[in-house]
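Undergrad: This is the structure I have questions about; it appears just below.
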Amino acid sequence: MGIVLAVLLIAGVAAAVALGRDSGTGDGGPAAKTVRGVIGSEKAEFFADPDTVKALAAKGFTVRTETSGSWAMDRLPLKGYDFAFPGSKAPADELSRSAGARGGPLRPFHSPLVVVAHRNAAEVLAANGLARLRANSADGPDGASRPDASDGADSAPKWATQGTLLMGPYLAAAEDDRTWQQLKGALGHAELSGTVFITSTDPVTSNSGALYLAAASYVADGGRVATDARAVERTAPLMRKLVQVQGAQQTSSDAPFRDFISGVGNPLVLVYESQVASLLMGSQRQEIGDLVVLYPDTTVSSDHTLVPLTDEGRELGELLSTDPGLRKLAVRHGFRPQGAAAEFTAATAGHTAYLDQRLTGVRQAPVPTAEVLRSMARQARG
(Lines give C-alpha, C1' and ligand atoms only; values in the text may rest on other atoms or scores of the structure.)
Protein backbone atom coordinates (compact mmCIF):
# COMPACT_ATOMS: atom_id res chain seq x y z
CA MET A 1 0.00 0.00 0.00
CA GLY A 2 2.82 2.36 0.86
CA ILE A 3 4.43 1.86 -2.54
CA VAL A 4 1.10 2.32 -4.32
CA LEU A 5 0.38 5.54 -2.43
CA ALA A 6 3.87 6.87 -3.22
CA VAL A 7 3.39 6.16 -6.94
CA LEU A 8 0.01 7.89 -6.91
CA LEU A 9 1.47 10.91 -5.11
CA ILE A 10 4.30 11.24 -7.62
CA ALA A 11 1.84 10.93 -10.51
CA GLY A 12 -0.34 13.62 -8.97
CA VAL A 13 2.58 16.04 -8.58
CA ALA A 14 3.68 15.40 -12.17
CA ALA A 15 0.16 16.08 -13.42
CA ALA A 16 0.01 19.31 -11.44
CA VAL A 17 3.34 20.47 -12.85
CA ALA A 18 2.23 19.63 -16.39
CA LEU A 19 -1.05 21.46 -15.85
CA GLY A 20 0.83 24.46 -14.56
CA ARG A 21 3.03 24.49 -17.66
CA ASP A 22 0.06 24.21 -19.96
CA SER A 23 -1.77 27.08 -18.29
CA GLY A 24 1.16 29.49 -18.36
CA THR A 25 2.94 30.37 -15.14
CA GLY A 26 1.53 27.62 -12.99
CA ASP A 27 0.94 30.07 -10.14
CA GLY A 28 -2.34 31.55 -11.25
CA GLY A 29 -0.63 34.09 -13.53
CA PRO A 30 -1.61 34.79 -17.15
CA ALA A 31 -1.02 32.18 -19.83
CA ALA A 32 2.34 32.68 -21.56
CA LYS A 33 2.39 34.07 -25.12
CA THR A 34 5.60 33.66 -27.06
CA VAL A 35 6.11 36.57 -29.45
CA ARG A 36 8.90 36.99 -31.97
CA GLY A 37 10.32 40.29 -33.09
CA VAL A 38 13.17 41.91 -34.98
CA ILE A 39 14.73 44.84 -33.16
CA GLY A 40 17.49 47.40 -33.49
CA SER A 41 20.61 46.24 -31.65
CA GLU A 42 20.49 49.21 -29.26
CA LYS A 43 17.47 47.56 -27.59
CA ALA A 44 19.00 44.07 -27.31
CA GLU A 45 20.27 44.54 -23.76
CA PHE A 46 16.86 45.81 -22.62
CA PHE A 47 15.08 42.70 -23.87
CA ALA A 48 17.86 40.40 -22.60
CA ASP A 49 17.83 41.92 -19.10
CA PRO A 50 16.65 39.19 -16.67
CA ASP A 51 14.45 41.78 -14.93
CA THR A 52 12.78 42.62 -18.25
CA VAL A 53 12.27 38.93 -18.99
CA LYS A 54 10.73 38.46 -15.54
CA ALA A 55 8.48 41.53 -15.86
CA LEU A 56 7.23 40.40 -19.26
CA ALA A 57 6.64 36.86 -17.99
CA ALA A 58 4.54 38.27 -15.16
CA LYS A 59 2.34 39.82 -17.85
CA GLY A 60 2.19 36.57 -19.79
CA PHE A 61 4.83 37.24 -22.46
CA THR A 62 7.92 35.40 -23.57
CA VAL A 63 9.73 37.59 -26.09
CA ARG A 64 12.21 36.19 -28.63
CA THR A 65 14.20 38.81 -30.55
CA GLU A 66 16.67 39.02 -33.41
CA THR A 67 18.64 42.15 -34.28
CA SER A 68 18.86 44.02 -37.57
CA GLY A 69 19.74 47.46 -38.86
CA SER A 70 16.57 49.55 -38.75
CA TRP A 71 16.72 50.44 -42.44
CA ALA A 72 17.35 46.82 -43.44
CA MET A 73 14.25 45.40 -41.73
CA ASP A 74 12.06 45.90 -44.76
CA ARG A 75 14.24 43.42 -46.67
CA LEU A 76 13.67 40.66 -44.12
CA PRO A 77 11.03 37.95 -44.54
CA LEU A 78 8.81 39.08 -41.66
CA LYS A 79 6.29 36.27 -41.94
CA GLY A 80 6.14 34.55 -38.57
CA TYR A 81 7.19 37.67 -36.65
CA ASP A 82 4.83 39.44 -34.27
CA PHE A 83 6.54 42.84 -34.32
CA ALA A 84 9.36 44.88 -35.79
CA PHE A 85 11.04 47.50 -33.62
CA PRO A 86 13.28 49.88 -35.60
CA GLY A 87 14.98 52.91 -34.09
CA SER A 88 12.89 55.68 -35.63
CA LYS A 89 9.58 56.63 -37.17
CA ALA A 90 10.61 56.74 -40.85
CA PRO A 91 11.56 53.05 -41.27
CA ALA A 92 8.64 52.11 -39.00
CA ASP A 93 6.18 53.95 -41.26
CA GLU A 94 7.66 52.17 -44.27
CA LEU A 95 7.34 48.80 -42.54
CA SER A 96 3.75 49.57 -41.54
CA ARG A 97 2.81 50.12 -45.17
CA SER A 98 4.67 47.16 -46.60
CA ALA A 99 4.16 44.53 -43.90
CA GLY A 100 0.46 44.99 -43.15
CA ALA A 101 0.74 46.30 -39.59
CA ARG A 102 -2.10 45.69 -37.14
CA GLY A 103 -2.96 49.33 -36.51
CA GLY A 104 -0.59 52.26 -36.21
CA PRO A 105 2.96 52.05 -34.82
CA LEU A 106 3.62 52.61 -31.11
CA ARG A 107 6.48 54.70 -29.69
CA PRO A 108 7.24 53.53 -26.12
CA PHE A 109 10.48 55.52 -25.71
CA HIS A 110 13.03 57.69 -27.49
CA SER A 111 16.66 58.78 -27.29
CA PRO A 112 18.53 61.73 -28.84
CA LEU A 113 21.74 61.25 -30.79
CA VAL A 114 24.93 62.45 -29.10
CA VAL A 115 28.64 62.44 -29.89
CA VAL A 116 30.99 60.84 -27.38
CA ALA A 117 34.48 62.29 -27.35
CA HIS A 118 37.72 61.76 -25.50
CA ARG A 119 38.58 64.77 -23.37
CA ASN A 120 41.58 65.89 -25.42
CA ALA A 121 39.50 65.86 -28.60
CA ALA A 122 36.61 67.72 -26.96
CA GLU A 123 38.92 70.42 -25.60
CA VAL A 124 40.57 70.92 -28.98
CA LEU A 125 37.16 71.25 -30.66
CA ALA A 126 36.17 73.85 -28.06
CA ALA A 127 39.41 75.79 -28.48
CA ASN A 128 38.67 76.09 -32.20
CA GLY A 129 35.01 77.09 -31.98
CA LEU A 130 33.57 73.71 -33.00
CA ALA A 131 32.18 72.84 -29.57
CA ARG A 132 31.26 74.49 -26.30
CA LEU A 133 32.06 72.68 -23.05
CA ARG A 134 30.29 73.00 -19.73
CA ALA A 135 32.67 73.70 -16.86
CA ASN A 136 32.60 71.32 -13.91
CA SER A 137 34.29 71.65 -10.56
CA ALA A 138 38.01 71.07 -10.08
CA ASP A 139 37.13 67.57 -8.98
CA GLY A 140 36.02 65.01 -11.47
CA PRO A 141 32.41 63.76 -11.62
CA ASP A 142 33.33 60.84 -9.41
CA GLY A 143 34.83 63.12 -6.78
CA ALA A 144 38.43 62.21 -7.61
CA SER A 145 40.90 65.03 -8.00
CA ARG A 146 42.02 65.50 -11.59
CA PRO A 147 45.54 66.42 -12.65
CA ASP A 148 46.01 69.62 -14.63
CA ALA A 149 44.70 68.87 -18.12
CA SER A 150 45.87 72.05 -19.81
CA ASP A 151 47.26 71.17 -23.22
CA GLY A 152 46.99 74.38 -25.15
CA ALA A 153 43.19 74.39 -25.45
CA ASP A 154 43.04 77.52 -23.30
CA SER A 155 39.42 78.40 -24.03
CA ALA A 156 38.10 74.97 -23.01
CA PRO A 157 36.93 74.61 -19.40
CA LYS A 158 38.90 72.05 -17.41
CA TRP A 159 37.26 68.88 -16.14
CA ALA A 160 34.34 69.19 -18.60
CA THR A 161 32.38 65.97 -19.11
CA GLN A 162 29.50 67.43 -21.13
CA GLY A 163 29.11 70.03 -23.82
CA THR A 164 27.56 71.08 -27.12
CA LEU A 165 28.76 70.22 -30.61
CA LEU A 166 28.24 73.29 -32.82
CA MET A 167 26.94 71.73 -35.99
CA GLY A 168 27.39 74.76 -38.26
CA PRO A 169 31.11 75.23 -37.53
CA TYR A 170 31.70 71.48 -37.48
CA LEU A 171 30.14 71.01 -40.93
CA ALA A 172 32.17 73.97 -42.24
CA ALA A 173 35.32 72.22 -41.00
CA ALA A 174 34.22 69.01 -42.70
CA GLU A 175 33.57 70.90 -45.93
CA ASP A 176 37.13 72.26 -45.80
CA ASP A 177 38.63 68.82 -45.02
CA ARG A 178 40.27 70.23 -41.89
CA THR A 179 42.69 68.00 -40.04
CA TRP A 180 43.42 67.75 -36.35
CA GLN A 181 46.93 69.05 -37.03
CA GLN A 182 45.40 72.30 -38.29
CA LEU A 183 43.54 72.88 -35.03
CA LYS A 184 44.97 74.85 -32.13
CA GLY A 185 45.80 72.70 -29.13
CA ALA A 186 46.16 69.40 -30.99
CA LEU A 187 49.96 69.53 -31.04
CA GLY A 188 51.42 66.85 -28.81
CA HIS A 189 48.39 64.53 -28.96
CA ALA A 190 49.44 61.68 -31.22
CA GLU A 191 45.94 60.20 -31.14
CA LEU A 192 44.59 63.35 -32.83
CA SER A 193 45.71 63.07 -36.42
CA GLY A 194 44.22 63.04 -39.88
CA THR A 195 40.88 64.47 -40.96
CA VAL A 196 38.45 65.55 -38.26
CA PHE A 197 35.33 63.39 -38.55
CA ILE A 198 32.63 61.70 -36.52
CA THR A 199 32.34 57.93 -36.72
CA SER A 200 28.76 56.97 -37.57
CA THR A 201 27.03 53.83 -38.79
CA ASP A 202 26.13 52.90 -42.35
CA PRO A 203 23.22 55.22 -43.28
CA VAL A 204 21.87 52.74 -45.84
CA THR A 205 21.11 50.10 -43.21
CA SER A 206 21.44 51.73 -39.77
CA ASN A 207 19.10 54.17 -38.08
CA SER A 208 21.67 56.34 -36.28
CA GLY A 209 23.70 56.80 -39.48
CA ALA A 210 20.62 57.84 -41.44
CA LEU A 211 19.50 60.27 -38.74
CA TYR A 212 22.98 61.80 -38.67
CA LEU A 213 22.54 62.70 -42.35
CA ALA A 214 19.04 64.05 -41.62
CA ALA A 215 20.40 66.48 -39.03
CA ALA A 216 23.51 67.41 -41.02
CA SER A 217 21.60 68.06 -44.26
CA TYR A 218 19.07 70.19 -42.38
CA VAL A 219 21.83 72.42 -40.98
CA ALA A 220 23.80 72.50 -44.24
CA ASP A 221 20.73 73.57 -46.23
CA GLY A 222 19.96 76.55 -44.02
CA GLY A 223 17.41 74.91 -41.76
CA ARG A 224 15.36 73.27 -44.50
CA VAL A 225 14.29 69.64 -44.40
CA ALA A 226 15.00 67.76 -47.64
CA THR A 227 11.76 67.04 -49.48
CA ASP A 228 12.83 66.08 -53.01
CA ALA A 229 15.70 65.07 -55.27
CA ARG A 230 16.80 68.67 -55.79
CA ALA A 231 17.17 69.19 -52.03
CA VAL A 232 19.17 65.97 -51.75
CA GLU A 233 21.49 67.11 -54.53
CA ARG A 234 22.17 70.45 -52.79
CA THR A 235 23.83 68.78 -49.81
CA ALA A 236 25.02 65.55 -51.45
CA PRO A 237 28.73 66.59 -51.78
CA LEU A 238 28.98 67.36 -48.06
CA MET A 239 27.05 64.23 -47.06
CA ARG A 240 29.50 62.17 -49.13
CA LYS A 241 32.41 63.75 -47.27
CA LEU A 242 30.85 62.98 -43.89
CA VAL A 243 30.42 59.32 -44.81
CA GLN A 244 33.25 58.41 -47.16
CA VAL A 245 36.01 59.81 -44.94
CA GLN A 246 35.15 57.03 -42.48
CA GLY A 247 35.90 54.13 -44.80
CA ALA A 248 34.08 50.91 -43.83
CA GLN A 249 31.15 51.52 -41.48
CA GLN A 250 29.39 49.32 -38.96
CA THR A 251 25.70 48.47 -39.26
CA SER A 252 25.12 49.00 -35.54
CA SER A 253 26.15 51.74 -33.09
CA ASP A 254 26.97 49.13 -30.46
CA ALA A 255 30.39 48.12 -31.81
CA PRO A 256 31.77 51.68 -32.32
CA PHE A 257 30.61 52.63 -28.82
CA ARG A 258 32.28 49.62 -27.23
CA ASP A 259 35.48 50.37 -29.15
CA PHE A 260 35.37 53.95 -27.91
CA ILE A 261 34.93 52.91 -24.27
CA SER A 262 37.80 50.45 -24.70
CA GLY A 263 40.03 53.31 -25.82
CA VAL A 264 40.38 52.32 -29.47
CA GLY A 265 39.01 53.78 -32.67
CA ASN A 266 38.12 57.33 -33.58
CA PRO A 267 38.02 60.01 -30.81
CA LEU A 268 34.55 61.19 -31.94
CA VAL A 269 31.70 58.67 -32.23
CA LEU A 270 27.98 59.16 -32.85
CA VAL A 271 25.83 57.07 -30.48
CA TYR A 272 22.46 57.13 -28.76
CA GLU A 273 22.23 58.96 -25.44
CA SER A 274 20.61 55.77 -24.12
CA GLN A 275 23.88 53.89 -24.59
CA VAL A 276 25.72 56.42 -22.44
CA ALA A 277 22.97 56.59 -19.82
CA SER A 278 22.76 52.81 -19.60
CA LEU A 279 26.51 52.61 -19.07
CA LEU A 280 26.37 55.21 -16.29
CA MET A 281 23.43 53.58 -14.52
CA GLY A 282 24.65 50.00 -14.91
CA SER A 283 24.68 47.85 -11.80
CA GLN A 284 28.27 46.86 -12.57
CA ARG A 285 30.24 50.07 -12.67
CA GLN A 286 32.36 50.14 -15.82
CA GLU A 287 35.37 52.34 -16.31
CA ILE A 288 34.38 55.24 -18.56
CA GLY A 289 37.76 56.92 -18.79
CA ASP A 290 37.89 60.48 -20.10
CA LEU A 291 34.41 60.40 -21.62
CA VAL A 292 32.85 63.70 -22.71
CA VAL A 293 29.27 63.75 -24.02
CA LEU A 294 28.59 66.34 -26.72
CA TYR A 295 24.97 67.12 -27.56
CA PRO A 296 24.73 68.48 -31.14
CA ASP A 297 22.98 71.86 -31.08
CA THR A 298 20.84 70.48 -33.91
CA THR A 299 20.08 66.80 -33.61
CA VAL A 300 17.40 64.21 -34.22
CA SER A 301 15.73 62.15 -31.52
CA SER A 302 15.42 58.48 -32.31
CA ASP A 303 11.79 57.52 -31.66
CA HIS A 304 12.02 53.78 -31.08
CA THR A 305 8.87 52.71 -32.87
CA LEU A 306 7.24 49.29 -32.59
CA VAL A 307 5.35 48.05 -35.65
CA PRO A 308 2.77 45.40 -34.60
CA LEU A 309 2.48 42.62 -37.15
CA THR A 310 0.02 40.54 -35.11
CA ASP A 311 -2.45 41.21 -32.32
CA GLU A 312 0.06 39.80 -29.84
CA GLY A 313 2.68 42.22 -31.14
CA ARG A 314 0.31 45.12 -30.56
CA GLU A 315 -0.39 43.92 -27.02
CA LEU A 316 3.34 43.90 -26.35
CA GLY A 317 3.77 47.41 -27.74
CA GLU A 318 0.96 48.74 -25.58
CA LEU A 319 2.46 47.04 -22.55
CA LEU A 320 5.89 48.60 -23.15
CA SER A 321 4.22 51.99 -23.49
CA THR A 322 2.02 51.89 -20.39
CA ASP A 323 3.32 49.43 -17.80
CA PRO A 324 5.14 51.34 -15.00
CA GLY A 325 7.55 48.49 -14.28
CA LEU A 326 8.61 48.09 -17.89
CA ARG A 327 8.93 51.86 -18.32
CA LYS A 328 11.22 51.92 -15.28
CA LEU A 329 13.34 49.19 -16.83
CA ALA A 330 13.50 51.10 -20.14
CA VAL A 331 14.80 54.13 -18.22
CA ARG A 332 17.41 51.93 -16.53
CA HIS A 333 18.64 51.10 -20.02
CA GLY A 334 18.92 54.81 -20.81
CA PHE A 335 15.72 55.38 -22.80
CA ARG A 336 13.41 58.34 -22.28
CA PRO A 337 9.77 57.12 -21.99
CA GLN A 338 7.34 59.03 -24.17
CA GLY A 339 5.42 61.66 -22.24
CA ALA A 340 7.17 61.04 -18.91
CA ALA A 341 10.25 63.24 -18.60
CA ALA A 342 10.12 63.03 -14.81
CA GLU A 343 10.93 59.30 -14.86
CA PHE A 344 14.16 59.85 -16.79
CA THR A 345 15.06 62.93 -14.74
CA ALA A 346 14.70 61.08 -11.44
CA ALA A 347 16.66 58.03 -12.59
CA THR A 348 19.60 60.04 -13.97
CA ALA A 349 19.80 62.62 -11.16
CA GLY A 350 23.23 61.35 -10.15
CA HIS A 351 24.69 61.59 -13.67
CA THR A 352 23.98 65.16 -14.74
CA ALA A 353 27.71 65.79 -15.15
CA TYR A 354 27.37 63.77 -18.35
CA LEU A 355 23.67 63.88 -19.27
CA ASP A 356 21.63 66.92 -20.26
CA GLN A 357 18.28 65.92 -18.82
CA ARG A 358 16.38 68.89 -20.30
CA LEU A 359 18.23 68.95 -23.66
CA THR A 360 18.95 72.63 -23.06
CA GLY A 361 19.51 74.56 -26.27
CA VAL A 362 19.18 71.46 -28.47
CA ARG A 363 17.14 71.97 -31.62
CA GLN A 364 15.27 69.02 -33.11
CA ALA A 365 15.63 68.76 -36.88
CA PRO A 366 12.69 67.38 -38.88
CA VAL A 367 13.35 64.03 -40.52
CA PRO A 368 12.82 63.59 -44.28
CA THR A 369 10.46 60.92 -45.53
CA ALA A 370 11.84 57.40 -45.77
CA GLU A 371 12.11 57.67 -49.56
CA VAL A 372 14.09 60.91 -49.44
CA LEU A 373 16.35 59.74 -46.62
CA ARG A 374 17.11 56.50 -48.46
CA SER A 375 18.11 58.49 -51.52
CA MET A 376 20.33 60.73 -49.38
CA ALA A 377 22.00 57.72 -47.79
CA ARG A 378 22.65 56.00 -51.12
CA GLN A 379 24.23 59.13 -52.57
CA ALA A 380 26.34 59.62 -49.45
CA ARG A 381 27.68 56.08 -49.71
CA GLY A 382 28.45 56.67 -53.38
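All residue names refer to the C-alpha coordinates as shown: chains lettered A, B, ... in order, residues numbered from 1 in each chain, ligands numbered from 1 in order.
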Quick one: residues within 9 Å of A:Arg332, only C-alpha atoms counted, chain neighbours fewer than 6 positions away excluded, as a PyMOL selection string?

TA: chain A and resi 46+277-278+281-282+344+347-348

Undergrad: Can you pull out every residue within 12 Å of A:Gln379, counting only C-alpha atoms, but drop anything in the same chain fewer than 6 positions away, and send it as a PyMOL selection string?

TA: chain A and resi 203-204+210+213+229+232-244+372-373

Undergrad: Grab the atom CA of A:Arg132 to atom CA of A:Met376 distance for me, in Å with one decimal place.

TA: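 Between atom CA of A:Arg132 and atom CA of A:Met376 the gap is 29.0 Å.
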
Undergrad: With only C-alpha atoms as the counted atoms, please give the residues lying no more than 7 Å from A:Val293, apart from itself and same-chain residues fewer than 2 positions off, as a tab-separated table (two decimals) with N, CA and C atoms, in the first residue's frame.

TA:
chain	number	residue	atom	x	y	z
A	114	VAL	N	23.86	61.65	-29.70
A	114	VAL	CA	24.93	62.45	-29.10
A	114	VAL	C	26.26	62.00	-29.71
A	115	VAL	N	27.29	62.80	-29.47
A	115	VAL	CA	28.64	62.44	-29.89
A	115	VAL	C	29.48	62.24	-28.64
A	116	VAL	N	30.06	61.06	-28.49
A	116	VAL	CA	30.99	60.84	-27.38
A	116	VAL	C	32.39	61.17	-27.87
A	117	ALA	N	33.14	61.83	-26.99
A	117	ALA	CA	34.48	62.29	-27.35
A	117	ALA	C	35.43	62.01	-26.20
A	161	THR	N	32.83	67.30	-18.72
A	161	THR	CA	32.38	65.97	-19.11
A	161	THR	C	31.13	66.03	-19.98
A	162	GLN	N	30.69	67.24	-20.30
A	162	GLN	CA	29.50	67.43	-21.13
A	162	GLN	C	29.64	68.75	-21.89
A	163	GLY	N	29.04	68.80	-23.06
A	163	GLY	CA	29.11	70.03	-23.82
A	163	GLY	C	28.19	69.98	-25.03
A	291	LEU	N	35.61	60.18	-20.80
A	291	LEU	CA	34.41	60.40	-21.62
A	291	LEU	C	33.88	61.83	-21.50
A	295	TYR	N	26.31	67.09	-26.97
A	295	TYR	CA	24.97	67.12	-27.56
A	295	TYR	C	25.01	68.07	-28.76
A	354	TYR	N	27.26	64.27	-16.98
A	354	TYR	CA	27.37	63.77	-18.35
A	354	TYR	C	26.10	63.98	-19.17

Undergrad: What is the atom CA of A:Arg36-atom CA of A:Leu320 distance in Å, reported with one decimal?

TA: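 The value is 14.9 Å.
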
Undergrad: Could you give me, as an NGL selection string, each residue of stretch 155-214 of chain A that DSSP assigns to alpha helix (DSSP H) when run on this structure's backbone?

TA: :A and (167-175 or 207-214)

Undergrad: So, with only C-alpha atoms as the atoms that count, which of A:His351, A:His189, A:Lys54, A:Arg134 lies closest to A:Leu165?

TA: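 Smallest distance to A:Leu165 is found for A:Arg134.
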
Undergrad: So which residues of stretch 72-262 of chain A fall under strand (DSSP E or B) by DSSP, listed as a list in words?

TA: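 Taking stretch 72-262 of chain A and keeping strand (DSSP E or B) gives Phe83, Ala84, Phe85, Leu106, Arg107, Pro108, Phe109, His110, Ser111, Pro112, Leu113, Val114, Val115, Val116, Ala117, His118, Ala131, Arg132, Leu133, Asp139, Ser145, Gln162, Gly163, Thr164, Leu165, Thr179, Thr195 and Thr199 of chain A.
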